[in-house]
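Below: the structure, in structure tokens.
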Amino acid sequence: MEQKTKIHAEPGKQEIVVTRDFDLPVALVFKAYTEPEILAQWMGTKVAKLECQSFGSYRFETTDPMGNVHVFSGTFHEIVPDKKITRTFLMENTGFEVQIEYLDFESVSESKSKLTMHMVFRSVEFRDKLLQMPFAFGLNMAHNRLEDIFK
Amino acid sequence: MKSRRDVFQAIADPTRRAIIALLAVQALTPGAIAENFDTARQTISKHIQILTECELVRQENKGREIVYHLNPQKMKEIAEWAEQYRQLWDTRFNALEDIMKKYL
């Protein structure tokens, strides 16, 4: 079966491209990125701040099962409704440097859309580190949160 | 002894990626690999050694010759690291889709 979420991460490159086909109109996918309550649900994080405008900032606080709080923050550089979000992304206190994320929202039909998430890293090492990060906490937490939501 | 070398570090180098590309087509002797590069043979040997240490490449004795070939298992591991990251986003996007369907 064709995968709805695809990843493209060539060896030796400073980028990751993730694409996703949605059975949703593009406006709803965009809304899921710009409404704090909705974003909090599907990202499985607390949204402490989400200023959706050029040079507005955002801050996510995620508590892991051990009670540690992980902070993810950044600045929006460009927001074009139903089309594009350009933002920086930083995992605070991890040694990672800021990455740039280009989110392109595309309407395929009235009920279908496509999202392309292009992430650019400072170095190949940071890119690879992110890919191989034991995403243990991120992954498990996302799963747990979702199980809670859909119980 | 288990190698402490990082596979990602190994494939971040353009020469080593070129060697992997060559070996993906066929197993080659060290001499045949070196012929593809302008670099000193010793430098290529060092690259092959690094690839061997992180188990991306395996050495095999064929008669009196040594040939190197790719270790498909290790190549698969690299793919799986990306796969784990893909699954993380797949889980999130599935949730996004489920949540937003209520707004249809």
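Going through the structure tokens in order, the chains are called A, B, and so on, while each chain numbers its residues from 1 and the ligands are numbered from 1 in the order shown.
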
Problem - Neighbours of chain A in chain B at 12 Å, counting only C-alpha atoms, as number ranges by chain - result: B: 6-18, 20-21, 75, 77-104

Handout entry: DSSP alpha helix (DSSP H) residues within chain B, listed as a PyMOL selection string
Key = chain B and resi 7-11+14-25+30-34+41-53+72-100

So that I have them on file, write out the residues from the current selection with C-alpha atoms, as a short mmCIF file (atom, residue, chain, number, x, y, z; two decimals), in the first residue's frame.
data_model
loop_
_atom_site.label_atom_id
_atom_site.label_comp_id
_atom_site.auth_asym_id
_atom_site.auth_seq_id
_atom_site.Cartn_x
_atom_site.Cartn_y
_atom_site.Cartn_z
CA VAL B 7 27.56 4.88 10.45
CA PHE B 8 26.19 8.32 9.75
CA GLN B 9 29.64 9.82 10.14
CA ALA B 10 30.90 7.24 7.70
CA ILE B 11 28.39 8.06 5.00
CA PRO B 14 31.54 12.22 -0.27
CA THR B 15 34.38 9.82 -1.14
CA ARG B 16 32.95 7.13 1.09
CA ARG B 17 29.52 7.63 -0.43
CA ALA B 18 31.09 7.24 -3.87
CA ILE B 19 32.71 3.98 -2.73
CA ILE B 20 29.33 2.75 -1.46
CA ALA B 21 27.80 3.63 -4.82
CA LEU B 22 30.49 1.61 -6.63
CA LEU B 23 30.03 -1.37 -4.34
CA ALA B 24 26.28 -1.21 -4.71
CA VAL B 25 26.78 -2.29 -8.32
CA PRO B 30 40.74 -2.45 -3.34
CA GLY B 31 42.70 -1.73 -6.54
CA ALA B 32 39.55 -1.57 -8.65
CA ILE B 33 37.93 0.81 -6.15
CA ALA B 34 41.01 3.08 -6.08
CA ARG B 41 45.50 4.74 -3.00
CA GLN B 42 46.40 4.97 0.66
CA THR B 43 43.63 7.53 1.23
CA ILE B 44 41.12 5.23 -0.43
CA SER B 45 42.33 2.33 1.73
CA LYS B 46 41.69 4.46 4.80
CA HIS B 47 38.15 5.19 3.60
CA ILE B 48 37.54 1.49 2.96
CA GLN B 49 38.86 0.72 6.43
CA ILE B 50 36.39 3.16 7.99
CA LEU B 51 33.52 1.67 5.99
CA THR B 52 34.62 -1.80 7.10
CA GLU B 53 34.89 -0.78 10.75
CA PRO B 72 22.89 -4.94 2.95
CA GLN B 73 21.86 -5.47 6.58
CA LYS B 74 23.72 -2.36 7.69
CA MET B 75 22.40 -0.34 4.76
CA LYS B 76 18.94 -1.36 5.86
CA GLU B 77 19.63 -0.09 9.37
CA ILE B 78 20.33 3.37 7.96
CA ALA B 79 17.04 3.26 6.15
CA GLU B 80 15.31 2.17 9.36
CA TRP B 81 16.61 5.15 11.30
CA ALA B 82 14.85 7.39 8.84
CA GLU B 83 11.88 5.00 9.01
CA GLN B 84 11.50 5.59 12.74
CA TYR B 85 11.41 9.33 12.15
CA ARG B 86 8.90 8.81 9.34
CA GLN B 87 6.66 6.84 11.68
CA LEU B 88 6.77 9.62 14.25
CA TRP B 89 5.35 12.05 11.69
CA ASP B 90 2.97 9.47 10.32
CA THR B 91 1.48 9.03 13.80
CA ARG B 92 1.13 12.78 14.24
CA PHE B 93 -0.37 13.33 10.80
CA ASN B 94 -2.84 10.46 11.28
CA ALA B 95 -3.97 12.19 14.47
CA LEU B 96 -4.20 15.52 12.67
CA GLU B 97 -6.38 13.90 10.02
CA ASP B 98 -8.66 12.23 12.56
CA ILE B 99 -9.08 15.43 14.55
CA MET B 100 -9.73 17.65 11.53
#

Handout entry: Sel. of strand (DSSP E) residues, chain B, as an MDAnalysis selection string
Key = chainID B and resid 57:62 65:70

Kindly export the residues of the current selection with N, CA and C atoms, as a tab-separated table (two decimals), in the first residue's frame.
chain	number	residue	atom	x	y	z
B	57	VAL	N	30.69	-2.15	4.90
B	57	VAL	CA	31.38	-2.89	3.85
B	57	VAL	C	32.02	-4.12	4.46
B	58	ARG	N	31.98	-5.21	3.73
B	58	ARG	CA	32.58	-6.45	4.22
B	58	ARG	C	33.70	-6.92	3.30
B	59	GLN	N	34.72	-7.44	3.93
B	59	GLN	CA	35.86	-7.95	3.19
B	59	GLN	C	35.66	-9.44	2.98
B	60	GLU	N	36.02	-9.90	1.77
B	60	GLU	CA	35.87	-11.32	1.48
B	60	GLU	C	37.11	-11.77	0.71
B	61	ASN	N	37.62	-12.92	1.06
B	61	ASN	CA	38.79	-13.43	0.34
B	61	ASN	C	38.32	-14.34	-0.78
B	62	LYS	N	38.71	-13.94	-2.00
B	62	LYS	CA	38.37	-14.76	-3.16
B	62	LYS	C	39.68	-15.25	-3.75
B	65	GLU	N	42.74	-13.00	-3.93
B	65	GLU	CA	42.28	-11.61	-3.96
B	65	GLU	C	41.35	-11.28	-2.80
B	66	ILE	N	41.36	-9.99	-2.46
B	66	ILE	CA	40.41	-9.50	-1.48
B	66	ILE	C	39.37	-8.68	-2.24
B	67	VAL	N	38.11	-8.97	-2.01
B	67	VAL	CA	37.08	-8.11	-2.60
B	67	VAL	C	36.22	-7.53	-1.47
B	68	TYR	N	35.70	-6.35	-1.75
B	68	TYR	CA	34.81	-5.70	-0.79
B	68	TYR	C	33.40	-5.69	-1.34
B	69	HIS	N	32.44	-5.95	-0.49
B	69	HIS	CA	31.06	-5.81	-0.91
B	69	HIS	C	30.23	-5.15	0.17
B	70	LEU	N	29.09	-4.63	-0.22
B	70	LEU	CA	28.24	-3.91	0.73
B	70	LEU	C	27.57	-4.88	1.68

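Atom CA of Ser73 of chain A to atom CA of Val17 of chain A spans 20.0 Å [interatomic distance, one decimal].
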
Problem - Surrounding residues of Thr34 of chain A excluding itself and chain neighbours under 5 positions, 10 Å, only C-alpha atoms, as a list in words - result: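 Returned residues: Leu28, Val29, Leu39, Leu50, Glu51, Cys52, Gln53, Ile79, Pro81 and Ile85 of chain A.
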
Requested write-out: N, CA and C atoms of the selected residues, as an mmCIF file, in the first residue's frame:
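Writing done, so here's again_19.cif:
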data_model
loop_
_atom_site.group_PDB
_atom_site.id
_atom_site.type_symbol
_atom_site.label_atom_id
_atom_site.label_comp_id
_atom_site.auth_asym_id
_atom_site.auth_seq_id
_atom_site.Cartn_x
_atom_site.Cartn_y
_atom_site.Cartn_z
ATOM 1 N N LEU A 28 -8.196 22.949 6.219
ATOM 2 C CA LEU A 28 -8.248 22.274 7.518
ATOM 3 C C LEU A 28 -6.863 21.838 7.989
ATOM 4 N N VAL A 29 -6.007 21.485 7.045
ATOM 5 C CA VAL A 29 -4.642 21.109 7.421
ATOM 6 C C VAL A 29 -3.922 22.350 7.946
ATOM 7 N N LEU A 39 -3.399 22.097 17.505
ATOM 8 C CA LEU A 39 -1.985 21.722 17.377
ATOM 9 C C LEU A 39 -1.535 20.902 18.590
ATOM 10 N N LEU A 50 1.710 30.656 20.559
ATOM 11 C CA LEU A 50 1.610 30.424 19.112
ATOM 12 C C LEU A 50 1.143 31.713 18.442
ATOM 13 N N GLU A 51 2.093 32.554 18.114
ATOM 14 C CA GLU A 51 1.767 33.831 17.479
ATOM 15 C C GLU A 51 1.928 33.687 15.970
ATOM 16 N N CYS A 52 0.810 33.360 15.306
ATOM 17 C CA CYS A 52 0.884 33.068 13.870
ATOM 18 C C CYS A 52 0.930 34.318 13.013
ATOM 19 N N GLN A 53 2.068 34.953 12.978
ATOM 20 C CA GLN A 53 2.272 36.118 12.119
ATOM 21 C C GLN A 53 3.762 36.246 11.894
ATOM 22 N N ILE A 79 3.911 33.558 6.924
ATOM 23 C CA ILE A 79 2.692 32.759 7.019
ATOM 24 C C ILE A 79 1.741 33.200 5.920
ATOM 25 N N PRO A 81 -1.796 32.083 4.477
ATOM 26 C CA PRO A 81 -2.900 31.166 4.763
ATOM 27 C C PRO A 81 -3.134 30.126 3.666
ATOM 28 N N ILE A 85 4.059 28.080 5.505
ATOM 29 C CA ILE A 85 4.571 28.536 6.800
ATOM 30 C C ILE A 85 6.086 28.345 6.754
#

Handout entry: Selected residue, from A:Thr45, A:Ser57, A:Ser107, A:Ser123, that lies nearest to Lys83 of chain A when counting only C-alpha atoms
Key =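 Comparing A:Thr45, A:Ser57, A:Ser107, A:Ser123 against Lys83 of chain A, the winner is A:Ser107.
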
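Across the model, the gap from atom CA of Ala40 of chain A to atom CA of Glu2 of chain A is 27.9 Å.
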
Fill in the blank from the handout: Here atom CA of Thr63 of chain A and atom CA of Arg87 of chain A stand apart by 22.8 Å

Would you list the contacts of Val120 of chain A as a PDB file with C-alpha atoms, in the first residue's frame, taking every protein, DNA or RNA residue within 7 Å and counting only C-alpha atoms, but skipping same-chain residues closer than 2 positions in sequence?
ATOM      1  CA  GLN A  14      21.673  18.822   5.446  1.00  0.00           C
ATOM      2  CA  GLU A  15      17.982  18.362   4.882  1.00  0.00           C
ATOM      3  CA  ILE A  16      14.986  16.141   5.454  1.00  0.00           C
ATOM      4  CA  GLN A  99      16.768  24.418  11.962  1.00  0.00           C
ATOM      5  CA  ILE A 100      14.619  26.085   9.321  1.00  0.00           C
ATOM      6  CA  GLU A 101      11.308  24.533   8.346  1.00  0.00           C
ATOM      7  CA  HIS A 118      11.310  20.730   4.201  1.00  0.00           C
ATOM      8  CA  ARG A 122      23.165  23.667  10.096  1.00  0.00           C
TER       9      ARG A 122
END
